[in-house]
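Worksheet: the structure to be examined is printed underneath.
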Amino acid sequence: MTRLLLLWIVFGAAAFGLKRWDARLERDETAARAVEFRIGRLIRADERTRIAPDDAPLAQGPRRFDRTPVSVGRVGAPKFLYRPDAEGIFRCPNVFDTIADAAAIDALRKSLLEAEGLVVSRDPGEATEYGLDLPQTVEVSLHGPDASLDGDLDVRFTVQLGHRRADGKGCYVRRSDDPGVWSIESDPWGPLMSTPGADRPPLLDPHVVPRVWPGESRRVDRQEVWFADGRTYAVTLHDIEITEEEMRRGKSPYEWHLHAGGEERVANATSAVMWSSFLFFAPWSLLIDPAQEAAFGFDDPWARIVLMPASGEPCELRISKRPLQSGEWPIQNRATGGVFAISTAVRDLMAPPFDVFDEAYEENPWRPYLQRR
């Protein structure tokens, strides 16, 4: 009798479980039928026109969005605004008009404007499961061309970002004007991680020399270093003629020269290439208000580094003699107006002694930084 009772209990529990499972499947199928008609673009065509009218400047194809300002921040908190200046360079007015990462902004904008997906929930009680309605929930807005912190922000579209999907191929988002949670195939979080460091505003260019300099050509023909103690040198890039056989063997059509101590000689190609590359990727660790530049004695710096491009204006960097309390060193980019702090290691790699360019030099101290790129 006891065994029979146990069997009835087991079978009853199983039947009850199957009944609940059938009900769950029915609900899921109903939900699937309900959402299948919502598969489509997160931002509709008419909304895209409102964000950037067809007759706006640069209105040809996707390029009409190239000057669309973007803002990012936690829901309910002040947002970081990124807008183009008169020359089309994106800057962040919240933090000293620092130059932003235009490529990351473009990627973020496209991840929303071109996002496709479907609505997976309309239940407000499930929002937190998707990473929404949390204290750290982030929202992104697209603005009209005249958006300003001092005037009208002219918000034209806002979306809240939830968790990345488990498959790593998209994320959950929710429009500010609709309770539906979307699962989209693009990932807006990727561009927001372009600025290393959790304590920094997103979407800023993380380099002392931003990507927008010197313009279309990244070639720099001459780089000079001037130290406060009187030491100075220059490294120059030269085109050389090579034969077809030399080209097949992999010989470079360029040659680097070192100018130091009144002499000119062939420089260590590896050191010259790595140093020149590092100057474009040297990271800053802290933003400094340019209004404080007088406190750092940039008129009498520890070192001056001058980059002279094949075309365009030179870029001069000045490294202060006066360290911050953190031990970092203020550096000024006189071409862009930016003032930053850099570590001692970065400072020494930006302005190394000239003997690193001797042909016999075998070390490569820039490699660890460049490998992170």
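Order determines the names: the first chain of the structure tokens is A, the second B, and so forth; residues in each chain are numbered 1 upward, and ligands are numbered 1 upward as they are shown.
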**Report entry** All residues 12 Å or closer to Pro124 of chain A, only C-alpha atoms, same chain fewer than 2 positions away omitted, as a VMD selection string
**Finding:** chain A and resid 120 to 122 126 to 133 174 178 to 181
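Residues with any atom within 10 Å of Ile331 of chain A, counting only C-alpha atoms and excluding same-chain neighbours fewer than 2 positions away, are Val208, Trp284, Leu287, Ile288, Glu293, Phe296, Phe298, Pro301, Trp302, Ala303, Arg304, Leu317, Arg318, Ile319, Ser320, Lys321, Glu328, Trp329, Asn333, Arg334, Gly338, Val339, Phe340, Ala341, Ile342 and Arg347 of chain A.
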Report task. Tell me, as a ChimeraX atom specification, which residues lie within 12 Å of Val70 of chain A, counting only C-alpha atoms; anything in the same chain fewer than 2 positions away does not count. Result -> /A:51,65-68,72-73,79-84,90-93,100-102,104-110,112,139-148,153-159,192,202-203
Next, write the just-selected residues to a file, as a compact mmCIF listing (two decimals), in the first residue's frame, keeping N, CA and C atoms as the atom set.
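And here is the file that came out, selection_24.txt:
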```txt
# COMPACT_ATOMS: atom_id res chain seq x y z
N ILE A 51 15.69 62.71 -36.96
CA ILE A 51 17.01 62.84 -36.32
C ILE A 51 17.96 63.63 -37.21
N PHE A 65 24.24 61.49 -41.19
CA PHE A 65 24.27 61.37 -39.74
C PHE A 65 25.66 61.69 -39.16
N ASP A 66 26.62 62.02 -40.02
CA ASP A 66 28.00 62.18 -39.56
C ASP A 66 28.16 63.28 -38.51
N ARG A 67 27.29 64.27 -38.54
CA ARG A 67 27.39 65.38 -37.58
C ARG A 67 26.31 65.32 -36.51
N THR A 68 25.64 64.18 -36.38
CA THR A 68 24.59 64.04 -35.38
C THR A 68 25.19 63.94 -33.98
N VAL A 72 25.50 60.48 -23.63
CA VAL A 72 25.53 59.20 -22.91
C VAL A 72 25.57 59.50 -21.42
N GLY A 73 24.85 58.71 -20.65
CA GLY A 73 24.90 58.85 -19.20
C GLY A 73 23.90 57.94 -18.52
N LYS A 79 24.13 64.06 -18.60
CA LYS A 79 24.72 63.26 -19.67
C LYS A 79 25.98 63.95 -20.22
N PHE A 80 26.89 63.13 -20.76
CA PHE A 80 28.03 63.65 -21.50
C PHE A 80 27.59 63.85 -22.94
N LEU A 81 27.76 65.08 -23.43
CA LEU A 81 27.35 65.42 -24.79
C LEU A 81 28.57 65.43 -25.70
N TYR A 82 28.42 64.88 -26.90
CA TYR A 82 29.49 64.87 -27.89
C TYR A 82 28.94 65.49 -29.17
N ARG A 83 29.54 66.60 -29.57
CA ARG A 83 29.03 67.33 -30.73
C ARG A 83 30.20 67.81 -31.58
N PRO A 84 30.00 68.01 -32.88
CA PRO A 84 31.09 68.47 -33.75
C PRO A 84 31.30 69.97 -33.62
N PHE A 90 34.57 66.12 -33.30
CA PHE A 90 33.69 65.90 -32.15
C PHE A 90 34.45 66.19 -30.86
N ARG A 91 33.80 66.96 -30.00
CA ARG A 91 34.35 67.31 -28.69
C ARG A 91 33.29 67.12 -27.62
N CYS A 92 33.75 67.02 -26.37
CA CYS A 92 32.84 66.86 -25.23
C CYS A 92 32.86 68.13 -24.40
N PRO A 93 31.83 68.99 -24.49
CA PRO A 93 31.83 70.24 -23.72
C PRO A 93 31.76 70.04 -22.22
N ALA A 100 36.85 63.91 -28.87
CA ALA A 100 36.24 62.59 -28.70
C ALA A 100 36.73 61.64 -29.79
N ASP A 101 36.39 60.38 -29.59
CA ASP A 101 36.75 59.33 -30.54
C ASP A 101 35.65 59.25 -31.59
N ALA A 102 35.88 59.91 -32.73
CA ALA A 102 34.84 59.99 -33.77
C ALA A 102 34.46 58.61 -34.29
N ALA A 104 34.42 55.78 -32.60
CA ALA A 104 33.55 55.13 -31.61
C ALA A 104 32.15 55.74 -31.64
N ILE A 105 32.08 57.06 -31.79
CA ILE A 105 30.78 57.73 -31.86
C ILE A 105 30.01 57.24 -33.08
N ASP A 106 30.71 57.14 -34.20
CA ASP A 106 30.07 56.67 -35.43
C ASP A 106 29.57 55.24 -35.26
N ALA A 107 30.37 54.39 -34.61
CA ALA A 107 29.97 53.00 -34.39
C ALA A 107 28.76 52.92 -33.46
N LEU A 108 28.73 53.75 -32.43
CA LEU A 108 27.59 53.77 -31.51
C LEU A 108 26.33 54.22 -32.25
N ARG A 109 26.47 55.29 -33.01
CA ARG A 109 25.32 55.82 -33.75
C ARG A 109 24.77 54.76 -34.71
N LYS A 110 25.66 54.09 -35.45
CA LYS A 110 25.22 53.07 -36.40
C LYS A 110 24.58 51.88 -35.69
N LEU A 112 22.68 51.86 -33.31
CA LEU A 112 21.29 52.18 -33.00
C LEU A 112 20.48 52.46 -34.26
N GLU A 139 21.66 55.36 -20.66
CA GLU A 139 20.85 55.69 -21.83
C GLU A 139 21.65 56.53 -22.81
N VAL A 140 21.32 56.39 -24.07
CA VAL A 140 21.99 57.09 -25.16
C VAL A 140 20.94 57.91 -25.90
N SER A 141 21.26 59.15 -26.21
CA SER A 141 20.35 60.01 -26.96
C SER A 141 21.03 60.50 -28.23
N LEU A 142 20.24 60.65 -29.28
CA LEU A 142 20.67 61.29 -30.51
C LEU A 142 19.98 62.65 -30.57
N HIS A 143 20.73 63.69 -30.97
CA HIS A 143 20.26 65.07 -30.87
C HIS A 143 20.21 65.74 -32.22
N GLY A 144 19.53 66.89 -32.24
CA GLY A 144 19.55 67.75 -33.41
C GLY A 144 20.90 68.42 -33.54
N PRO A 145 21.20 69.03 -34.71
CA PRO A 145 22.55 69.56 -34.99
C PRO A 145 22.99 70.70 -34.09
N ASP A 146 22.05 71.39 -33.46
CA ASP A 146 22.41 72.55 -32.63
C ASP A 146 22.35 72.26 -31.14
N ALA A 147 22.42 71.02 -30.76
CA ALA A 147 22.37 70.65 -29.34
C ALA A 147 23.46 71.35 -28.56
N SER A 148 23.11 71.86 -27.39
CA SER A 148 24.07 72.61 -26.59
C SER A 148 23.77 72.41 -25.11
N LEU A 153 18.95 71.06 -25.71
CA LEU A 153 19.63 69.82 -26.05
C LEU A 153 19.02 69.17 -27.29
N ASP A 154 17.78 69.53 -27.63
CA ASP A 154 17.13 69.07 -28.86
C ASP A 154 17.24 67.54 -29.00
N VAL A 155 16.76 66.83 -27.98
CA VAL A 155 16.80 65.37 -28.00
C VAL A 155 15.78 64.85 -29.01
N ARG A 156 16.21 63.99 -29.92
CA ARG A 156 15.32 63.47 -30.95
C ARG A 156 15.08 61.97 -30.84
N PHE A 157 15.90 61.28 -30.07
CA PHE A 157 15.67 59.85 -29.83
C PHE A 157 16.50 59.43 -28.63
N THR A 158 15.90 58.60 -27.75
CA THR A 158 16.61 58.10 -26.58
C THR A 158 16.31 56.62 -26.39
N VAL A 159 17.35 55.88 -26.05
CA VAL A 159 17.20 54.45 -25.80
C VAL A 159 18.01 54.09 -24.57
N LEU A 192 31.16 52.10 -26.45
CA LEU A 192 31.22 52.81 -25.17
C LEU A 192 32.41 52.36 -24.33
N PRO A 202 32.94 58.11 -21.29
CA PRO A 202 33.12 57.26 -22.47
C PRO A 202 33.33 58.09 -23.72
N LEU A 203 33.75 57.46 -24.78
CA LEU A 203 33.82 58.03 -26.13
C LEU A 203 34.87 59.12 -26.31
```
Picked from segment 203-334 of chain A by DSSP as strand (DSSP E), as a short mmCIF file (atom, residue, chain, number, x, y, z; two decimals) with C-alpha atoms, in the first residue's frame:
```cif
data_model
loop_
_atom_site.label_atom_id
_atom_site.label_comp_id
_atom_site.auth_asym_id
_atom_site.auth_seq_id
_atom_site.Cartn_x
_atom_site.Cartn_y
_atom_site.Cartn_z
CA VAL A 220 55.12 62.44 -40.14
CA ASP A 221 58.41 63.25 -41.89
CA ARG A 222 60.28 64.86 -39.00
CA GLN A 223 60.12 64.51 -35.21
CA GLU A 224 62.20 66.66 -32.90
CA VAL A 225 62.89 66.39 -29.19
CA TRP A 226 64.24 69.32 -27.16
CA PHE A 227 65.20 68.80 -23.51
CA THR A 232 68.23 67.84 -28.72
CA TYR A 233 67.82 65.48 -31.64
CA ALA A 234 65.59 64.84 -34.64
CA VAL A 235 64.49 61.72 -36.47
CA THR A 236 63.52 62.12 -40.15
CA LEU A 237 61.88 59.85 -42.70
CA HIS A 238 63.25 59.62 -46.23
CA ASP A 239 62.09 57.92 -49.43
CA TYR A 254 61.92 54.30 -46.55
CA GLU A 255 64.92 55.10 -44.41
CA TRP A 256 65.12 56.82 -41.04
CA HIS A 257 67.91 59.27 -40.18
CA LEU A 258 69.07 60.49 -36.77
CA HIS A 259 70.24 64.09 -36.42
CA ALA A 260 72.19 64.57 -33.19
CA GLU A 263 75.76 64.80 -37.37
CA GLU A 264 73.26 62.93 -39.54
CA ARG A 265 73.34 59.14 -39.78
CA VAL A 266 71.07 56.22 -40.55
CA LEU A 286 44.04 61.99 -16.47
CA LEU A 287 42.30 64.99 -18.00
CA ILE A 288 43.41 68.42 -16.76
CA ALA A 303 60.88 68.41 -22.90
CA ARG A 304 59.30 69.56 -26.14
CA ILE A 305 58.34 67.06 -28.84
CA VAL A 306 57.51 68.47 -32.28
CA LEU A 307 55.79 66.32 -34.91
CA MET A 308 56.01 67.67 -38.46
CA PRO A 309 53.60 66.01 -40.91
CA CYS A 315 51.92 69.28 -33.43
CA GLU A 316 53.97 70.37 -30.43
CA LEU A 317 53.82 68.52 -27.12
CA ARG A 318 55.23 70.04 -23.93
CA ILE A 319 55.94 67.93 -20.86
CA TRP A 329 53.38 64.44 -15.43
CA PRO A 330 51.26 67.17 -17.06
CA ILE A 331 51.58 67.33 -20.83
CA GLN A 332 50.14 69.93 -23.19
CA ASN A 333 49.16 69.37 -26.82
#
```
**Report entry** Gap from atom CA of Asp358 of chain A to atom CA of Met247 of chain A - Å, one decimal
**Finding:** 24.5 Å
Query - Residue nearest Asn364 of chain A - candidates A:Ser271, A:Ala295, A:Asp97, A:Leu349, atoms counted: only C-alpha atoms - result: A:Ser271
Report task. Return the single residue from A:Ala335, A:Phe278, A:Phe96, A:Leu134 that is closest to Val212 of chain A, with distances computed using only C-alpha atoms. Result -> A:Ala335
Report task. Provide the atom CA of Glu359 of chain A to atom CA of Ser252 of chain A distance in Å, to one decimal place. Result ->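 It comes out at 15.8 Å.
Of the listed residues (A:Pro53, A:Gly261, A:Gly168, A:Pro314), A:Gly168 comes nearest to Asp187 of chain A; the distances count only C-alpha atoms.
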